[in-house]
file my_file_15.pdb (PDB, C-alpha atoms)
ATOM      1  CA  MET F 156       8.915   1.056 -32.253  1.00  0.00           C
ATOM      2  CA  LEU F 157       7.151  -0.171 -29.102  1.00  0.00           C
ATOM      3  CA  LEU F 158       4.667   1.806 -27.038  1.00  0.00           C
ATOM      4  CA  ILE F 159       5.125   1.417 -23.281  1.00  0.00           C
ATOM      5  CA  HIS F 160       2.644   2.951 -20.832  1.00  0.00           C
ATOM      6  CA  ASP F 161       0.985   5.486 -23.116  1.00  0.00           C
ATOM      7  CA  GLU F 162       3.738   7.978 -24.070  1.00  0.00           C
ATOM      8  CA  LEU F 163       6.943   5.993 -23.470  1.00  0.00           C
ATOM      9  CA  ILE F 164       8.535   4.737 -26.675  1.00  0.00           C
ATOM     10  CA  PHE F 165      11.858   3.066 -27.312  1.00  0.00           C
ATOM     11  CA  ASN F 166      13.753   1.335 -30.053  1.00  0.00           C
ATOM     12  CA  CYS F 167      13.127  -2.426 -30.121  1.00  0.00           C
ATOM     13  CA  ALA F 168      16.448  -3.104 -31.813  1.00  0.00           C
ATOM     14  CA  MET F 169      18.258  -1.974 -28.668  1.00  0.00           C
ATOM     15  CA  ILE F 170      16.702  -4.629 -26.417  1.00  0.00           C
ATOM     16  CA  GLN F 171      16.587  -7.797 -28.479  1.00  0.00           C
ATOM     17  CA  ASN F 172      16.714 -11.058 -26.506  1.00  0.00           C
ATOM     18  CA  THR F 173      16.747  -9.277 -23.164  1.00  0.00           C
ATOM     19  CA  LYS F 174      15.207 -10.896 -20.066  1.00  0.00           C
ATOM     20  CA  ILE F 175      14.345  -9.401 -16.707  1.00  0.00           C
ATOM     21  CA  ASP F 176      13.415 -11.383 -13.619  1.00  0.00           C
ATOM     22  CA  ILE F 177      11.741  -9.067 -11.133  1.00  0.00           C
ATOM     23  CA  ILE F 178      11.297 -10.211  -7.553  1.00  0.00           C
ATOM     24  CA  ARG F 179       9.361  -8.595  -4.750  1.00  0.00           C
ATOM     25  CA  HIS F 180      11.268  -8.304  -1.480  1.00  0.00           C
ATOM     26  CA  GLY F 181      10.577 -10.784   1.321  1.00  0.00           C
ATOM     27  CA  GLU F 182       8.720 -10.112   4.548  1.00  0.00           C
ATOM     28  CA  PRO F 183      10.051  -6.999   6.310  1.00  0.00           C
ATOM     29  CA  ILE F 184      10.280  -6.470  10.054  1.00  0.00           C
ATOM     30  CA  GLY F 185       6.917  -5.135  11.193  1.00  0.00           C
ATOM     31  CA  GLY F 186       4.796  -7.401   8.997  1.00  0.00           C
ATOM     32  CA  PRO F 187       2.181  -6.337   6.427  1.00  0.00           C
ATOM     33  CA  ARG F 188       1.287  -2.641   6.351  1.00  0.00           C
ATOM     34  CA  PHE F 189       1.200   0.282   3.941  1.00  0.00           C
ATOM     35  CA  ARG F 190       4.936   0.419   3.378  1.00  0.00           C
ATOM     36  CA  GLY F 191       5.829   2.808   0.573  1.00  0.00           C
ATOM     37  CA  HIS F 192       9.042   4.730  -0.005  1.00  0.00           C
ATOM     38  CA  GLY F 193       8.538   6.585   3.269  1.00  0.00           C
ATOM     39  CA  VAL F 194       9.151   3.440   5.364  1.00  0.00           C
ATOM     40  CA  ASP F 195      12.563   1.780   5.219  1.00  0.00           C
ATOM     41  CA  ASP F 196      12.244  -1.429   7.245  1.00  0.00           C
ATOM     42  CA  PRO F 197      14.824  -4.195   6.749  1.00  0.00           C
ATOM     43  CA  LEU F 198      13.895  -7.797   6.016  1.00  0.00           C
ATOM     44  CA  SER F 199      12.898 -10.069   8.863  1.00  0.00           C
ATOM     45  CA  GLU F 200      14.669 -13.389   9.339  1.00  0.00           C
ATOM     46  CA  LYS F 201      11.767 -15.024   7.534  1.00  0.00           C
ATOM     47  CA  GLY F 202      12.098 -12.462   4.730  1.00  0.00           C
ATOM     48  CA  TRP F 203      15.751 -13.350   4.174  1.00  0.00           C
ATOM     49  CA  GLU F 204      14.840 -17.037   4.042  1.00  0.00           C
ATOM     50  CA  GLN F 205      12.054 -16.348   1.530  1.00  0.00           C
ATOM     51  CA  MET F 206      14.457 -14.485  -0.754  1.00  0.00           C
ATOM     52  CA  TRP F 207      17.202 -17.093  -0.747  1.00  0.00           C
ATOM     53  CA  ASN F 208      14.636 -19.846  -1.382  1.00  0.00           C
ATOM     54  CA  ALA F 209      13.123 -17.893  -4.265  1.00  0.00           C
ATOM     55  CA  VAL F 210      16.302 -17.166  -6.205  1.00  0.00           C
ATOM     56  CA  GLY F 211      17.644 -20.724  -5.884  1.00  0.00           C
ATOM     57  CA  GLY F 212      20.930 -21.387  -7.633  1.00  0.00           C
ATOM     58  CA  ALA F 213      20.008 -22.207 -11.209  1.00  0.00           C
ATOM     59  CA  VAL F 214      19.774 -18.814 -12.941  1.00  0.00           C
ATOM     60  CA  ASN F 215      22.913 -17.076 -14.211  1.00  0.00           C
ATOM     61  CA  TRP F 216      22.085 -13.393 -14.178  1.00  0.00           C
ATOM     62  CA  SER F 217      24.439 -10.844 -15.667  1.00  0.00           C
ATOM     63  CA  ARG F 218      23.762  -8.240 -12.952  1.00  0.00           C
ATOM     64  CA  VAL F 219      21.483  -7.305 -10.055  1.00  0.00           C
ATOM     65  CA  ILE F 220      19.471  -4.066 -10.052  1.00  0.00           C
ATOM     66  CA  THR F 221      17.762  -2.948  -6.867  1.00  0.00           C
ATOM     67  CA  SER F 222      15.527  -0.390  -5.241  1.00  0.00           C
ATOM     68  CA  PRO F 223      17.458   1.746  -2.728  1.00  0.00           C
ATOM     69  CA  LEU F 224      15.183   0.711   0.156  1.00  0.00           C
ATOM     70  CA  ARG F 225      16.695  -1.666   2.702  1.00  0.00           C
ATOM     71  CA  ARG F 226      14.166  -4.469   2.229  1.00  0.00           C
ATOM     72  CA  CYS F 227      15.472  -4.794  -1.339  1.00  0.00           C
ATOM     73  CA  ARG F 228      18.988  -3.357  -1.273  1.00  0.00           C
ATOM     74  CA  GLU F 229      20.475  -5.403   1.581  1.00  0.00           C
ATOM     75  CA  PHE F 230      19.509  -8.727   0.009  1.00  0.00           C
ATOM     76  CA  SER F 231      20.695  -7.508  -3.405  1.00  0.00           C
ATOM     77  CA  GLU F 232      24.081  -6.622  -1.946  1.00  0.00           C
ATOM     78  CA  ALA F 233      24.389 -10.076  -0.372  1.00  0.00           C
ATOM     79  CA  LEU F 234      23.336 -11.874  -3.563  1.00  0.00           C
ATOM     80  CA  ALA F 235      25.638  -9.814  -5.794  1.00  0.00           C
ATOM     81  CA  LYS F 236      28.544 -10.500  -3.474  1.00  0.00           C
ATOM     82  CA  GLN F 237      27.786 -14.229  -3.299  1.00  0.00           C
ATOM     83  CA  ARG F 238      27.606 -14.573  -7.097  1.00  0.00           C
ATOM     84  CA  ASN F 239      30.205 -11.944  -7.980  1.00  0.00           C
ATOM     85  CA  LEU F 240      27.725  -9.865  -9.989  1.00  0.00           C
ATOM     86  CA  PRO F 241      27.611  -6.130 -10.726  1.00  0.00           C
ATOM     87  CA  LEU F 242      25.080  -4.282  -8.595  1.00  0.00           C
ATOM     88  CA  GLU F 243      23.131  -1.169  -9.564  1.00  0.00           C
ATOM     89  CA  VAL F 244      20.933   0.848  -7.183  1.00  0.00           C
ATOM     90  CA  VAL F 245      18.141   2.625  -9.078  1.00  0.00           C
ATOM     91  CA  GLU F 246      16.188   5.297  -7.224  1.00  0.00           C
ATOM     92  CA  GLN F 247      13.296   5.246  -9.704  1.00  0.00           C
ATOM     93  CA  ILE F 248      12.227   1.693  -8.807  1.00  0.00           C
ATOM     94  CA  LYS F 249      11.494   2.428  -5.150  1.00  0.00           C
ATOM     95  CA  GLU F 250       7.939   1.777  -3.972  1.00  0.00           C
ATOM     96  CA  VAL F 251       5.019   4.173  -4.447  1.00  0.00           C
ATOM     97  CA  GLY F 252       4.470   6.734  -1.682  1.00  0.00           C
ATOM     98  CA  PHE F 253       1.339   6.170   0.432  1.00  0.00           C
ATOM     99  CA  GLY F 254       1.160   9.608   2.045  1.00  0.00           C
ATOM    100  CA  ASP F 255      -0.829   9.618   5.295  1.00  0.00           C
ATOM    101  CA  TRP F 256      -1.128   5.839   5.214  1.00  0.00           C
ATOM    102  CA  GLU F 257       2.640   5.243   5.299  1.00  0.00           C
ATOM    103  CA  GLY F 258       3.528   2.702   7.967  1.00  0.00           C
ATOM    104  CA  ARG F 259      -0.055   2.036   9.023  1.00  0.00           C
ATOM    105  CA  VAL F 260      -1.505  -1.472   9.347  1.00  0.00           C
ATOM    106  CA  ARG F 261      -4.216  -2.127   6.785  1.00  0.00           C
ATOM    107  CA  GLN F 262      -6.725  -3.297   9.387  1.00  0.00           C
ATOM    108  CA  GLU F 263      -6.237  -0.045  11.299  1.00  0.00           C
ATOM    109  CA  VAL F 264      -6.905   2.057   8.189  1.00  0.00           C
ATOM    110  CA  GLU F 265      -9.951  -0.037   7.296  1.00  0.00           C
ATOM    111  CA  GLU F 266     -11.414   0.226  10.799  1.00  0.00           C
ATOM    112  CA  GLN F 267     -10.757   3.953  11.231  1.00  0.00           C
ATOM    113  CA  ASP F 268     -11.759   5.112   7.744  1.00  0.00           C
ATOM    114  CA  TYR F 269     -13.601   2.321   6.000  1.00  0.00           C
ATOM    115  CA  GLN F 270     -15.038   4.515   3.234  1.00  0.00           C
ATOM    116  CA  ALA F 271     -11.620   5.904   2.241  1.00  0.00           C
ATOM    117  CA  TYR F 272     -10.143   2.396   2.341  1.00  0.00           C
ATOM    118  CA  LYS F 273     -12.941   1.053   0.164  1.00  0.00           C
ATOM    119  CA  ARG F 274     -12.666   3.954  -2.314  1.00  0.00           C
ATOM    120  CA  PHE F 275      -8.911   3.431  -2.616  1.00  0.00           C
ATOM    121  CA  TYR F 276      -9.233  -0.127  -3.885  1.00  0.00           C
ATOM    122  CA  ALA F 277     -12.250   0.733  -6.062  1.00  0.00           C
ATOM    123  CA  ASP F 278     -10.499   3.720  -7.665  1.00  0.00           C
ATOM    124  CA  PRO F 279      -6.743   3.706  -6.919  1.00  0.00           C
ATOM    125  CA  VAL F 280      -6.085   6.419  -9.491  1.00  0.00           C
ATOM    126  CA  ASN F 281      -8.375   9.092  -8.059  1.00  0.00           C
ATOM    127  CA  ALA F 282      -8.954   8.018  -4.431  1.00  0.00           C
ATOM    128  CA  ARG F 283      -5.370   8.252  -3.168  1.00  0.00           C
ATOM    129  CA  PRO F 284      -4.529   8.742   0.516  1.00  0.00           C
ATOM    130  CA  ARG F 285      -3.745  12.360   1.336  1.00  0.00           C
ATOM    131  CA  GLY F 286      -0.188  13.169   0.300  1.00  0.00           C
ATOM    132  CA  ALA F 287       0.240   9.938  -1.671  1.00  0.00           C
ATOM    133  CA  GLU F 288       2.228   9.812  -4.886  1.00  0.00           C
ATOM    134  CA  PRO F 289      -0.137   9.964  -7.898  1.00  0.00           C
ATOM    135  CA  LEU F 290      -0.478   6.488  -9.351  1.00  0.00           C
ATOM    136  CA  ASP F 291       0.119   7.574 -12.937  1.00  0.00           C
ATOM    137  CA  ASP F 292       3.309   9.418 -11.898  1.00  0.00           C
ATOM    138  CA  PHE F 293       4.530   6.322 -10.062  1.00  0.00           C
ATOM    139  CA  CYS F 294       3.859   3.958 -12.958  1.00  0.00           C
ATOM    140  CA  THR F 295       5.477   6.373 -15.393  1.00  0.00           C
ATOM    141  CA  ARG F 296       8.698   6.610 -13.376  1.00  0.00           C
ATOM    142  CA  VAL F 297       8.836   2.816 -12.995  1.00  0.00           C
ATOM    143  CA  THR F 298       8.150   1.932 -16.621  1.00  0.00           C
ATOM    144  CA  LYS F 299      10.492   4.656 -17.873  1.00  0.00           C
ATOM    145  CA  SER F 300      13.228   3.268 -15.629  1.00  0.00           C
ATOM    146  CA  VAL F 301      12.657  -0.307 -16.808  1.00  0.00           C
ATOM    147  CA  ARG F 302      12.772   0.915 -20.414  1.00  0.00           C
ATOM    148  CA  GLU F 303      16.135   2.558 -19.713  1.00  0.00           C
ATOM    149  CA  ILE F 304      17.442  -0.551 -17.949  1.00  0.00           C
ATOM    150  CA  MET F 305      16.604  -2.684 -20.984  1.00  0.00           C
ATOM    151  CA  GLN F 306      18.195  -0.179 -23.342  1.00  0.00           C
ATOM    152  CA  ASN F 307      21.360  -0.025 -21.237  1.00  0.00           C
ATOM    153  CA  HIS F 308      21.750  -3.810 -21.006  1.00  0.00           C
ATOM    154  CA  PRO F 309      20.617  -5.322 -24.346  1.00  0.00           C
ATOM    155  CA  GLY F 310      20.852  -9.092 -24.620  1.00  0.00           C
ATOM    156  CA  GLU F 311      21.411  -9.573 -20.882  1.00  0.00           C
ATOM    157  CA  HIS F 312      19.485 -11.552 -18.273  1.00  0.00           C
ATOM    158  CA  LEU F 313      18.864  -9.162 -15.393  1.00  0.00           C
ATOM    159  CA  LEU F 314      17.475  -9.496 -11.884  1.00  0.00           C
ATOM    160  CA  ILE F 315      15.520  -6.574 -10.429  1.00  0.00           C
ATOM    161  CA  VAL F 316      14.773  -6.627  -6.693  1.00  0.00           C
ATOM    162  CA  ALA F 317      11.900  -4.278  -5.959  1.00  0.00           C
ATOM    163  CA  HIS F 318       8.388  -3.928  -4.538  1.00  0.00           C
ATOM    164  CA  ALA F 319       4.833  -5.096  -5.121  1.00  0.00           C
ATOM    165  CA  GLY F 320       3.871  -1.798  -6.745  1.00  0.00           C
ATOM    166  CA  VAL F 321       6.852  -1.954  -9.067  1.00  0.00           C
ATOM    167  CA  VAL F 322       6.043  -5.519 -10.129  1.00  0.00           C
ATOM    168  CA  ARG F 323       2.423  -4.547 -10.744  1.00  0.00           C
ATOM    169  CA  SER F 324       3.515  -1.598 -12.879  1.00  0.00           C
ATOM    170  CA  VAL F 325       5.825  -3.753 -14.998  1.00  0.00           C
ATOM    171  CA  VAL F 326       3.257  -6.531 -15.506  1.00  0.00           C
ATOM    172  CA  ASN F 327       0.596  -3.940 -16.333  1.00  0.00           C
ATOM    173  CA  MET F 328       2.984  -2.290 -18.804  1.00  0.00           C
ATOM    174  CA  VAL F 329       3.566  -5.541 -20.666  1.00  0.00           C
ATOM    175  CA  LEU F 330      -0.121  -6.482 -20.758  1.00  0.00           C
ATOM    176  CA  GLY F 331      -1.313  -2.974 -21.610  1.00  0.00           C
ATOM    177  CA  GLY F 332      -3.762  -2.946 -18.721  1.00  0.00           C
ATOM    178  CA  SER F 333      -5.616  -0.087 -17.054  1.00  0.00           C
ATOM    179  CA  LEU F 334      -4.183   1.593 -13.961  1.00  0.00           C
ATOM    180  CA  GLN F 335      -7.641   1.276 -12.419  1.00  0.00           C
ATOM    181  CA  ASN F 336      -7.051  -2.487 -12.223  1.00  0.00           C
ATOM    182  CA  LEU F 337      -3.495  -2.327 -10.941  1.00  0.00           C
ATOM    183  CA  TYR F 338      -4.305  -3.742  -7.504  1.00  0.00           C
ATOM    184  CA  ALA F 339      -6.004  -6.750  -9.092  1.00  0.00           C
ATOM    185  CA  ILE F 340      -2.476  -8.022  -9.790  1.00  0.00           C
ATOM    186  CA  ARG F 341      -1.493 -10.012  -6.711  1.00  0.00           C
ATOM    187  CA  ILE F 342       2.145 -10.385  -5.675  1.00  0.00           C
ATOM    188  CA  GLU F 343       3.201 -12.112  -2.471  1.00  0.00           C
ATOM    189  CA  TYR F 344       6.529 -11.696  -0.724  1.00  0.00           C
ATOM    190  CA  ALA F 345       9.546 -13.014  -2.680  1.00  0.00           C
ATOM    191  CA  GLN F 346       7.581 -13.983  -5.787  1.00  0.00           C
ATOM    192  CA  VAL F 347       9.281 -13.694  -9.167  1.00  0.00           C
ATOM    193  CA  SER F 348       7.936 -12.599 -12.549  1.00  0.00           C
ATOM    194  CA  ARG F 349       9.811 -12.590 -15.851  1.00  0.00           C
ATOM    195  CA  ILE F 350       9.501 -10.328 -18.861  1.00  0.00           C
ATOM    196  CA  ALA F 351      11.432 -10.695 -22.088  1.00  0.00           C
ATOM    197  CA  HIS F 352      11.907  -8.835 -25.330  1.00  0.00           C
ATOM    198  CA  SER F 353      12.951 -10.170 -28.716  1.00  0.00           C
ATOM    199  CA  LEU F 354      12.713  -8.707 -32.201  1.00  0.00           C
ATOM    200  CA  ASP F 355      10.323 -11.397 -33.417  1.00  0.00           C
ATOM    201  CA  LEU F 356       7.955 -11.587 -30.418  1.00  0.00           C
ATOM    202  CA  GLY F 357       8.281  -8.124 -28.920  1.00  0.00           C
ATOM    203  CA  LEU F 358       7.710  -7.589 -25.210  1.00  0.00           C
ATOM    204  CA  GLN F 359       6.186 -10.540 -23.348  1.00  0.00           C
ATOM    205  CA  LEU F 360       5.260 -11.678 -19.858  1.00  0.00           C
ATOM    206  CA  VAL F 361       6.986 -15.075 -19.665  1.00  0.00           C
ATOM    207  CA  PHE F 362       5.650 -16.024 -16.239  1.00  0.00           C
ATOM    208  CA  HIS F 363       4.224 -14.308 -13.175  1.00  0.00           C
ATOM    209  CA  ALA F 364       4.584 -14.823  -9.414  1.00  0.00           C
ATOM    210  CA  ARG F 365       6.670 -17.966  -9.186  1.00  0.00           C
ATOM    211  CA  THR F 366       7.814 -18.887  -5.702  1.00  0.00           C
ATOM    212  CA  GLN F 367      11.133 -20.368  -6.798  1.00  0.00           C
ATOM    213  CA  LEU F 368      13.366 -20.160  -9.845  1.00  0.00           C
ATOM    214  CA  THR F 369      14.730 -23.371 -11.336  1.00  0.00           C
ATOM    215  CA  ALA F 370      16.979 -24.292 -14.238  1.00  0.00           C
ATOM    216  CA  GLU F 371      15.658 -22.972 -17.557  1.00  0.00           C
TER     217      GLU F 371
END

call {"tool": "encode", "arguments": {"input": "my_file_15.pdb", "output": "structure tokens"}}
result
Amino acid sequence: MLLIHDELIFNCAMIQNTKIDIIRHGEPIGGPRFRGHGVDDPLSEKGWEQMWNAVGGAVNWSRVITSPLRRCREFSEALAKQRNLPLEVVEQIKEVGFGDWEGRVRQEVEEQDYQAYKRFYADPVNARPRGAEPLDDFCTRVTKSVREIMQNHPGEHLLIVAHAGVVRSVVNMVLGGSLQNLYAIRIEYAQVSRIAHSLDLGLQLVFHARTQLTAE
């Protein structure tokens, strides 16, 4: 048995030799800001270019799994169609909710409420913006969903298209890190991380934040 994010446990035998590449969406229209699941911007032209450059043409995935938000879903639909792959939209891997900070530019938040901004990054578990999704609830829904994805597709090589918060949660899950340090994990637009599970090695982080996938 394997412990994932405190209380989440699943049967290792069900996910032997399973790989997941997880990519953050590219740059959305509107540029950098607090964009959680309450903001549904599409990718910019640059964002589309970043995504196509990142996935390359060398990896043969068995299916594409995506967040329902446009900055992930629209590229996933295009990629699945191009490569004739099954596509699954999973609600549970949408981004964390930022409450009152949704849609706001970071510089604006920092200038208008510096102390709250500073507390957030010092203590992201307890110093959430008003109305924000609790960080432990968010990480639990993400890691539970990834657990279920691996159980449902044993032995496959999957691509998940999601968000910075989702990637952080998955990397933190594999490494057994503290939620207090979640924002120390840096993920730029269209960067790819890979996790894998096998019976002999268990769950591993194979690589983190590559800018382009190449032949294995």

call {"tool": "residues_around", "arguments": {"input": "my_file_15.pdb", "residues": "F:Thr173", "least_positions_apart": "3", "cutoff": "6 Å", "atoms": "all atoms listed in the file", "output": "mmCIF file with C-alpha atoms, keeping the file's coordinate frame"}}
result
data_model
loop_
_atom_site.group_PDB
_atom_site.id
_atom_site.type_symbol
_atom_site.label_atom_id
_atom_site.label_comp_id
_atom_site.auth_asym_id
_atom_site.auth_seq_id
_atom_site.Cartn_x
_atom_site.Cartn_y
_atom_site.Cartn_z
ATOM 1 C CA ILE F 170 16.702 -4.629 -26.417
ATOM 2 C CA PRO F 309 20.617 -5.322 -24.346
ATOM 3 C CA GLY F 310 20.852 -9.092 -24.620
ATOM 4 C CA GLU F 311 21.411 -9.573 -20.882
ATOM 5 C CA ALA F 351 11.432 -10.695 -22.088
ATOM 6 C CA HIS F 352 11.907 -8.835 -25.330
#

call {"tool": "resolve_selection", "arguments": {"input": "my_file_15.pdb", "expression": "the PyMOL selection byres ((chain F and resi 367) around 9)", "output": "number ranges by chain"}}
result
F: 208-211, 345-347, 364-366, 368-369

call {"tool": "resolve_selection", "arguments": {"input": "my_file_15.pdb", "expression": "the PyMOL selection byres ((chain F and resi 277-280) around 8)", "output": "list in words"}}
result
Lys273, Arg274, Phe275, Tyr276, Asn281, Ala282, Arg283, Pro289, Leu290, Asp291, Leu334, Gln335, Leu337 and Tyr338 of chain F

call {"tool": "atom_distance", "arguments": {"input": "my_file_15.pdb", "atom1": "atom CA of F:Asp255", "atom2": "atom CA of F:Ala287"}}
result
7.1 Å

call {"tool": "residues_around", "arguments": {"input": "my_file_15.pdb", "residues": "F:Ser222", "least_positions_apart": "5", "cutoff": "7 Å", "atoms": "all atoms listed in the file", "output": "list in words"}}
result
Cys227, Arg228, Val244, Val245, Glu246, Ile248, Lys249, Val316 and Ala317 of chain F

call {"tool": "resolve_selection", "arguments": {"input": "my_file_15.pdb", "expression": "the PyMOL selection byres ((chain F and resi 199-201) around 12)", "output": "JSON, numbers by chain"}}
result
{"F": [180, 181, 182, 183, 184, 185, 186, 187, 196, 197, 198, 202, 203, 204, 205, 206, 207, 208, 225, 226, 227, 229, 230, 344, 345]}

call {"tool": "residues_around", "arguments": {"input": "my_file_15.pdb", "residues": "F:Val326", "least_positions_apart": "2", "cutoff": "9 Å", "atoms": "all atoms listed in the file", "output": "number ranges by chain"}}
result
F: 321-324, 328-332, 340, 348-350, 360, 363

call {"tool": "atom_distance", "arguments": {"input": "my_file_15.pdb", "atom1": "atom CA of F:Ser333", "atom2": "atom CA of F:Cys294"}}
result
11.1 Å

call {"tool": "atom_distance", "arguments": {"input": "my_file_15.pdb", "atom1": "atom CA of F:Lys236", "atom2": "atom CA of F:Pro223"}}
result
16.5 Å

call {"tool": "closest_residue", "arguments": {"input": "my_file_15.pdb", "among": "F:Gln262, F:Asn172, F:Thr221, F:Asn215", "to": "F:Gly357", "atoms": "only C-alpha atoms"}}
result
F:Asn172

call {"tool": "residues_around", "arguments": {"input": "my_file_15.pdb", "residues": "F:Glu288", "least_positions_apart": "6", "cutoff": "9 Å", "atoms": "only C-alpha atoms", "output": "list in words"}}
result
Val251, Gly252, Phe253 and Gly254 of chain F

call {"tool": "closest_residue", "arguments": {"input": "my_file_15.pdb", "among": "F:Leu240, F:Met305, F:Leu356, F:Ile342", "to": "F:Ile175", "atoms": "all atoms listed in the file"}}
result
F:Met305

call {"tool": "decode", "arguments": {"input": "my_file_15.pdb", "residues": "stretch 285-302 of chain F", "atoms": "C-alpha atoms", "output": "tab-separated table (two decimals), in the first residue's frame"}}
result
chain	number	residue	atom	x	y	z
F	285	ARG	CA	-10.94	35.97	1.75
F	286	GLY	CA	-13.19	33.40	0.10
F	287	ALA	CA	-10.28	31.34	-1.24
F	288	GLU	CA	-10.42	27.56	-1.42
F	289	PRO	CA	-8.59	26.04	1.58
F	290	LEU	CA	-5.20	24.80	0.44
F	291	ASP	CA	-5.52	21.40	2.10
F	292	ASP	CA	-8.94	20.87	0.45
F	293	PHE	CA	-7.48	21.79	-2.94
F	294	CYS	CA	-4.49	19.48	-2.62
F	295	THR	CA	-6.71	16.66	-1.40
F	296	ARG	CA	-9.06	16.91	-4.39
F	297	VAL	CA	-6.11	17.04	-6.81
F	298	THR	CA	-4.15	14.14	-5.34
F	299	LYS	CA	-7.29	12.03	-4.94
F	300	SER	CA	-8.11	12.65	-8.60
F	301	VAL	CA	-4.59	11.76	-9.75
F	302	ARG	CA	-4.77	8.58	-7.66
